[in-house]
Every structure is written in structure tokens, then in C-alpha cells.
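Asker: For reference, this is input13.cif, and it has mmCIF, N, CA and C atoms and all ligand atoms.
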```cif
data_start
loop_
_atom_site.label_atom_id
_atom_site.label_comp_id
_atom_site.auth_asym_id
_atom_site.auth_seq_id
_atom_site.Cartn_x
_atom_site.Cartn_y
_atom_site.Cartn_z
N MET J 894 120.46 93.33 108.80
CA MET J 894 119.58 93.27 109.97
C MET J 894 118.42 94.25 109.82
N ARG J 895 117.84 94.29 108.65
CA ARG J 895 116.74 95.23 108.46
C ARG J 895 115.45 94.62 109.00
N ASN J 896 114.74 95.42 109.69
CA ASN J 896 113.51 94.97 110.30
C ASN J 896 112.34 95.69 109.66
N TRP J 897 112.05 95.30 108.43
CA TRP J 897 110.98 96.01 107.73
C TRP J 897 109.88 95.05 107.32
N LYS J 898 108.75 95.59 107.07
CA LYS J 898 107.58 94.81 106.69
C LYS J 898 107.11 95.25 105.30
N PRO J 899 106.37 94.38 104.64
CA PRO J 899 105.88 94.74 103.29
C PRO J 899 105.09 96.05 103.30
N GLU J 900 104.39 96.34 104.37
CA GLU J 900 103.60 97.56 104.39
C GLU J 900 104.45 98.81 104.57
N ASP J 901 105.73 98.61 104.80
CA ASP J 901 106.62 99.76 104.91
C ASP J 901 107.00 100.31 103.53
N ILE J 902 106.61 99.56 102.52
CA ILE J 902 106.89 100.01 101.16
C ILE J 902 105.56 100.30 100.46
N PHE J 903 105.50 101.43 99.78
CA PHE J 903 104.28 101.76 99.07
C PHE J 903 104.65 102.37 97.72
N THR J 904 103.67 102.43 96.86
CA THR J 904 103.95 102.95 95.52
C THR J 904 103.30 104.32 95.35
N VAL J 905 103.98 105.15 94.59
CA VAL J 905 103.49 106.48 94.28
C VAL J 905 103.58 106.66 92.77
N ALA J 906 102.60 107.33 92.22
CA ALA J 906 102.65 107.61 90.80
C ALA J 906 103.57 108.79 90.55
N CYS J 907 104.51 108.61 89.66
CA CYS J 907 105.44 109.67 89.35
C CYS J 907 104.67 110.89 88.82
N PRO J 908 104.90 112.06 89.40
CA PRO J 908 104.19 113.26 88.94
C PRO J 908 104.63 113.70 87.56
N HIS J 909 105.74 113.17 87.10
CA HIS J 909 106.27 113.59 85.80
C HIS J 909 105.79 112.69 84.67
N CYS J 910 105.79 111.38 84.95
CA CYS J 910 105.45 110.46 83.85
C CYS J 910 104.41 109.42 84.25
N ARG J 911 103.95 109.48 85.50
CA ARG J 911 102.89 108.58 85.97
C ARG J 911 103.34 107.15 86.17
N ALA J 912 104.61 106.91 86.08
CA ALA J 912 105.09 105.56 86.34
C ALA J 912 104.98 105.28 87.85
N GLU J 913 104.85 104.03 88.17
CA GLU J 913 104.77 103.67 89.57
C GLU J 913 106.17 103.59 90.17
N ILE J 914 106.29 104.20 91.33
CA ILE J 914 107.58 104.21 92.01
C ILE J 914 107.39 103.62 93.39
N GLU J 915 108.27 102.71 93.72
CA GLU J 915 108.20 102.11 95.05
C GLU J 915 108.97 102.96 96.04
N PHE J 916 108.29 103.32 97.09
CA PHE J 916 108.92 104.12 98.12
C PHE J 916 109.05 103.32 99.39
N TRP J 917 110.21 103.40 99.95
CA TRP J 917 110.39 102.96 101.33
C TRP J 917 109.82 104.07 102.20
N LYS J 918 109.15 103.70 103.26
CA LYS J 918 108.38 104.70 104.01
C LYS J 918 109.23 105.84 104.56
N ASP J 919 110.49 105.58 104.80
CA ASP J 919 111.34 106.63 105.36
C ASP J 919 112.18 107.32 104.29
N GLU J 920 111.97 106.92 103.07
CA GLU J 920 112.81 107.45 102.00
C GLU J 920 112.24 108.76 101.48
N PRO J 921 112.97 109.84 101.61
CA PRO J 921 112.42 111.15 101.26
C PRO J 921 112.32 111.39 99.75
N VAL J 922 113.28 110.88 99.01
CA VAL J 922 113.32 111.15 97.58
C VAL J 922 113.77 109.91 96.83
N ARG J 923 113.17 109.67 95.70
CA ARG J 923 113.65 108.60 94.82
C ARG J 923 113.77 109.12 93.41
N LEU J 924 114.59 108.43 92.64
CA LEU J 924 114.64 108.74 91.23
C LEU J 924 113.66 107.83 90.51
N CYS J 925 112.83 108.43 89.70
CA CYS J 925 111.89 107.65 88.93
C CYS J 925 112.66 106.75 87.97
N SER J 926 112.30 105.48 87.97
CA SER J 926 113.03 104.55 87.12
C SER J 926 112.68 104.74 85.65
N ALA J 927 111.58 105.42 85.40
CA ALA J 927 111.17 105.62 84.02
C ALA J 927 111.71 106.91 83.43
N CYS J 928 111.59 108.01 84.16
CA CYS J 928 112.00 109.29 83.60
C CYS J 928 113.23 109.88 84.29
N ARG J 929 113.70 109.20 85.34
CA ARG J 929 114.93 109.60 86.01
C ARG J 929 114.84 110.95 86.72
N LYS J 930 113.64 111.39 86.99
CA LYS J 930 113.50 112.64 87.73
C LYS J 930 113.28 112.33 89.21
N GLU J 931 113.58 113.33 90.02
CA GLU J 931 113.39 113.14 91.44
C GLU J 931 111.92 113.20 91.79
N VAL J 932 111.51 112.26 92.61
CA VAL J 932 110.14 112.23 93.09
C VAL J 932 110.17 112.22 94.61
N ARG J 933 109.47 113.12 95.19
CA ARG J 933 109.48 113.21 96.64
C ARG J 933 108.42 112.31 97.24
N ASN J 934 108.78 111.77 98.36
CA ASN J 934 107.87 110.90 99.07
C ASN J 934 106.83 111.74 99.81
N PRO J 935 105.56 111.62 99.41
CA PRO J 935 104.53 112.47 100.03
C PRO J 935 104.33 112.17 101.51
N LYS J 936 104.65 110.96 101.91
CA LYS J 936 104.45 110.61 103.32
C LYS J 936 105.56 111.17 104.19
N VAL J 937 106.73 111.27 103.62
CA VAL J 937 107.86 111.78 104.40
C VAL J 937 107.88 113.31 104.34
N ASP J 938 107.34 113.84 103.27
CA ASP J 938 107.44 115.26 103.00
C ASP J 938 107.00 116.12 104.18
N GLN J 939 105.84 115.82 104.71
CA GLN J 939 105.30 116.68 105.76
C GLN J 939 106.08 116.56 107.05
N GLY J 940 106.72 115.45 107.21
CA GLY J 940 107.49 115.29 108.44
C GLY J 940 108.98 115.45 108.20
N CYS J 941 109.32 116.25 107.20
CA CYS J 941 110.72 116.31 106.80
C CYS J 941 111.59 116.91 107.89
N ALA J 942 110.99 117.65 108.81
CA ALA J 942 111.78 118.23 109.89
C ALA J 942 112.41 117.14 110.75
N GLU J 943 111.83 115.96 110.65
CA GLU J 943 112.33 114.88 111.49
C GLU J 943 113.62 114.29 110.94
N TRP J 944 113.81 114.39 109.65
CA TRP J 944 115.02 113.80 109.08
C TRP J 944 115.92 114.83 108.43
N CYS J 945 115.32 115.95 108.00
CA CYS J 945 116.11 116.94 107.28
C CYS J 945 116.74 117.93 108.24
N LYS J 946 118.03 118.18 108.05
CA LYS J 946 118.71 119.09 108.95
C LYS J 946 118.22 120.52 108.78
N HIS J 947 117.58 120.77 107.65
CA HIS J 947 117.03 122.11 107.43
C HIS J 947 115.55 122.15 107.82
N GLY J 948 115.09 121.10 108.44
CA GLY J 948 113.67 120.97 108.75
C GLY J 948 113.01 122.21 109.33
N PRO J 949 113.45 122.66 110.48
CA PRO J 949 112.76 123.79 111.13
C PRO J 949 112.67 125.02 110.24
N GLU J 950 113.79 125.41 109.64
CA GLU J 950 113.75 126.61 108.81
C GLU J 950 113.02 126.36 107.50
N CYS J 951 112.99 125.10 107.11
CA CYS J 951 112.31 124.74 105.87
C CYS J 951 110.80 124.76 106.05
N LEU J 952 110.34 124.34 107.18
CA LEU J 952 108.91 124.26 107.41
C LEU J 952 108.31 125.62 107.74
N GLU J 953 109.11 126.48 108.32
CA GLU J 953 108.57 127.72 108.86
C GLU J 953 107.78 128.55 107.85
N PRO J 954 108.32 128.76 106.64
CA PRO J 954 107.57 129.60 105.70
C PRO J 954 106.26 128.95 105.26
N ILE J 955 106.17 127.67 105.34
CA ILE J 955 104.99 126.96 104.86
C ILE J 955 103.91 126.92 105.93
N ALA J 956 104.29 126.42 107.08
CA ALA J 956 103.33 126.34 108.18
C ALA J 956 104.09 126.26 109.49
N PRO J 957 103.61 126.92 110.49
CA PRO J 957 104.27 126.83 111.80
C PRO J 957 104.12 125.44 112.36
N PRO J 958 105.10 124.98 113.09
CA PRO J 958 105.01 123.65 113.68
C PRO J 958 103.88 123.59 114.69
N PRO J 959 103.23 122.47 114.75
CA PRO J 959 102.12 122.33 115.70
C PRO J 959 102.63 122.42 117.13
N PRO J 960 101.83 122.93 118.03
CA PRO J 960 102.27 123.02 119.43
C PRO J 960 102.55 121.66 120.00
N ALA J 961 103.74 121.49 120.48
CA ALA J 961 104.12 120.18 120.98
C ALA J 961 103.99 120.09 122.50
N LYS J 962 104.07 121.25 123.13
CA LYS J 962 104.00 121.25 124.58
C LYS J 962 102.59 121.60 125.05
N LEU J 963 101.99 120.73 125.76
CA LEU J 963 100.66 120.98 126.28
C LEU J 963 100.69 121.45 127.72
N GLU J 964 101.85 121.25 128.33
CA GLU J 964 101.94 121.67 129.73
C GLU J 964 102.13 123.19 129.81
N PRO J 965 101.58 123.82 130.80
CA PRO J 965 101.70 125.26 130.97
C PRO J 965 103.13 125.69 131.31
ZN ZN J 1001 108.78 109.47 86.10
#
```
What would the structure in this file look like if it were written as C-alpha cells?
Answerer:
Amino acid sequence: MRNWKPEDIFTVACPHCRAEIEFWKDEPVRLCSACRKEVRNPKVDQGCAEWCKHGPECLEPIAPPPPAKLEP
């Protein structure tokens, strides 16, 4: 019962060997089919706090989370 569209899949060039890797939009990491190394999904990477249980502590050293509350 998967409800996905073709645009939910995109390709990324492997940073290790430049092979094309198909990423599912929500997939954080894939193994490159050519060199078998882990390749991180650049689209998921920045929003990793949304899926990764270490998200908040993981993001903190890099950049503070954007202000989510606009109400005083
Ligand atoms: Zn590769």
C-alpha cells in the first residue's frame, strides 16, 4: 500500500565513485551499488532531526534549530 510518486525518487552522484544512486526521498542513507559505500541523502540530511532519534543533539553543534514558535 505504498503511496509514492516518481518524483519521490531522485538520483544523487556518489561522492566516492560518482555513480548514480537512486534515493527515496525519505531514505537517509543508501549503499552505493558501485562501490558499496554509504551515501547520505542530501535532502534528508538537513532534516535528520525529524527521523533520527539523535536529531536534536546531533544538530546542535552544527546549527541551532530555527525558531519554531512565533507566538510570544
Ligand atoms: Zn560509489
Asker: Identify, counting only C-alpha atoms and all ligand atoms, the protein, DNA and RNA residues located within 12 Å of ligand ZN 1001 (chain J), and give them as a list in words.
Answerer: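 Here is the list of contacting residues: Val905, Ala906, Cys907, Pro908, His909, Cys910, Arg911, Ala912, Glu913, Ile914, Glu915, Arg923, Leu924, Cys925, Ser926, Ala927, Cys928, Arg929, Lys930, Glu931, Val932 and Arg933 of chain J.
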Asker: One decimal, in Å: what's the spacing between atom N of Val922 of chain J and atom N of Pro959 of chain J?
Answerer: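 Atom N of Pro959 of chain J lies 22.0 Å from atom N of Val922 of chain J.
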Asker: Between atom CA of Phe903 of chain J and atom CA of Lys918 of chain J, what is the distance in Å, rounded to a tenth?
Answerer: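 Spanning atom CA of Phe903 of chain J to atom CA of Lys918 of chain J is a straight-line distance of 7.1 Å.
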Asker: Could you pull out the strand (DSSP E or B) residues of segment 902-944 of chain J, going by DSSP on the backbone, and write them as an mmCIF file with N, CA and C atoms, in the coordinates of the input?
Answerer:
```cif
data_model
loop_
_atom_site.group_PDB
_atom_site.id
_atom_site.type_symbol
_atom_site.label_atom_id
_atom_site.label_comp_id
_atom_site.auth_asym_id
_atom_site.auth_seq_id
_atom_site.Cartn_x
_atom_site.Cartn_y
_atom_site.Cartn_z
ATOM 1 N N ILE J 902 106.610 99.560 102.520
ATOM 2 C CA ILE J 902 106.890 100.010 101.160
ATOM 3 C C ILE J 902 105.560 100.300 100.460
ATOM 4 N N PHE J 903 105.500 101.430 99.780
ATOM 5 C CA PHE J 903 104.280 101.760 99.070
ATOM 6 C C PHE J 903 104.650 102.370 97.720
ATOM 7 N N THR J 904 103.670 102.430 96.860
ATOM 8 C CA THR J 904 103.950 102.950 95.520
ATOM 9 C C THR J 904 103.300 104.320 95.350
ATOM 10 N N VAL J 905 103.980 105.150 94.590
ATOM 11 C CA VAL J 905 103.490 106.480 94.280
ATOM 12 C C VAL J 905 103.580 106.660 92.770
ATOM 13 N N ALA J 906 102.600 107.330 92.220
ATOM 14 C CA ALA J 906 102.650 107.610 90.800
ATOM 15 C C ALA J 906 103.570 108.790 90.550
ATOM 16 N N GLU J 913 104.850 104.030 88.170
ATOM 17 C CA GLU J 913 104.770 103.670 89.570
ATOM 18 C C GLU J 913 106.170 103.590 90.170
ATOM 19 N N ILE J 914 106.290 104.200 91.330
ATOM 20 C CA ILE J 914 107.580 104.210 92.010
ATOM 21 C C ILE J 914 107.390 103.620 93.390
ATOM 22 N N GLU J 915 108.270 102.710 93.720
ATOM 23 C CA GLU J 915 108.200 102.110 95.050
ATOM 24 C C GLU J 915 108.970 102.960 96.040
ATOM 25 N N PHE J 916 108.290 103.320 97.090
ATOM 26 C CA PHE J 916 108.920 104.120 98.120
ATOM 27 C C PHE J 916 109.050 103.320 99.390
ATOM 28 N N TRP J 917 110.210 103.400 99.950
ATOM 29 C CA TRP J 917 110.390 102.960 101.330
ATOM 30 C C TRP J 917 109.820 104.070 102.200
ATOM 31 N N VAL J 922 113.280 110.880 99.010
ATOM 32 C CA VAL J 922 113.320 111.150 97.580
ATOM 33 C C VAL J 922 113.770 109.910 96.830
ATOM 34 N N ARG J 923 113.170 109.670 95.700
ATOM 35 C CA ARG J 923 113.650 108.600 94.820
ATOM 36 C C ARG J 923 113.770 109.120 93.410
ATOM 37 N N LEU J 924 114.590 108.430 92.640
ATOM 38 C CA LEU J 924 114.640 108.740 91.230
ATOM 39 C C LEU J 924 113.660 107.830 90.510
ATOM 40 N N GLU J 931 113.580 113.330 90.020
ATOM 41 C CA GLU J 931 113.390 113.140 91.440
ATOM 42 C C GLU J 931 111.920 113.200 91.790
ATOM 43 N N VAL J 932 111.510 112.260 92.610
ATOM 44 C CA VAL J 932 110.140 112.230 93.090
ATOM 45 C C VAL J 932 110.170 112.220 94.610
ATOM 46 N N ARG J 933 109.470 113.120 95.190
ATOM 47 C CA ARG J 933 109.480 113.210 96.640
ATOM 48 C C ARG J 933 108.420 112.310 97.240
#
```
Asker: For the atom pair atom N of Asn934 of chain J and atom C of Asp919 of chain J, what is the interatomic distance in Å to one decimal place?
Answerer: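 Computing it gives 8.2 Å between the two atoms.
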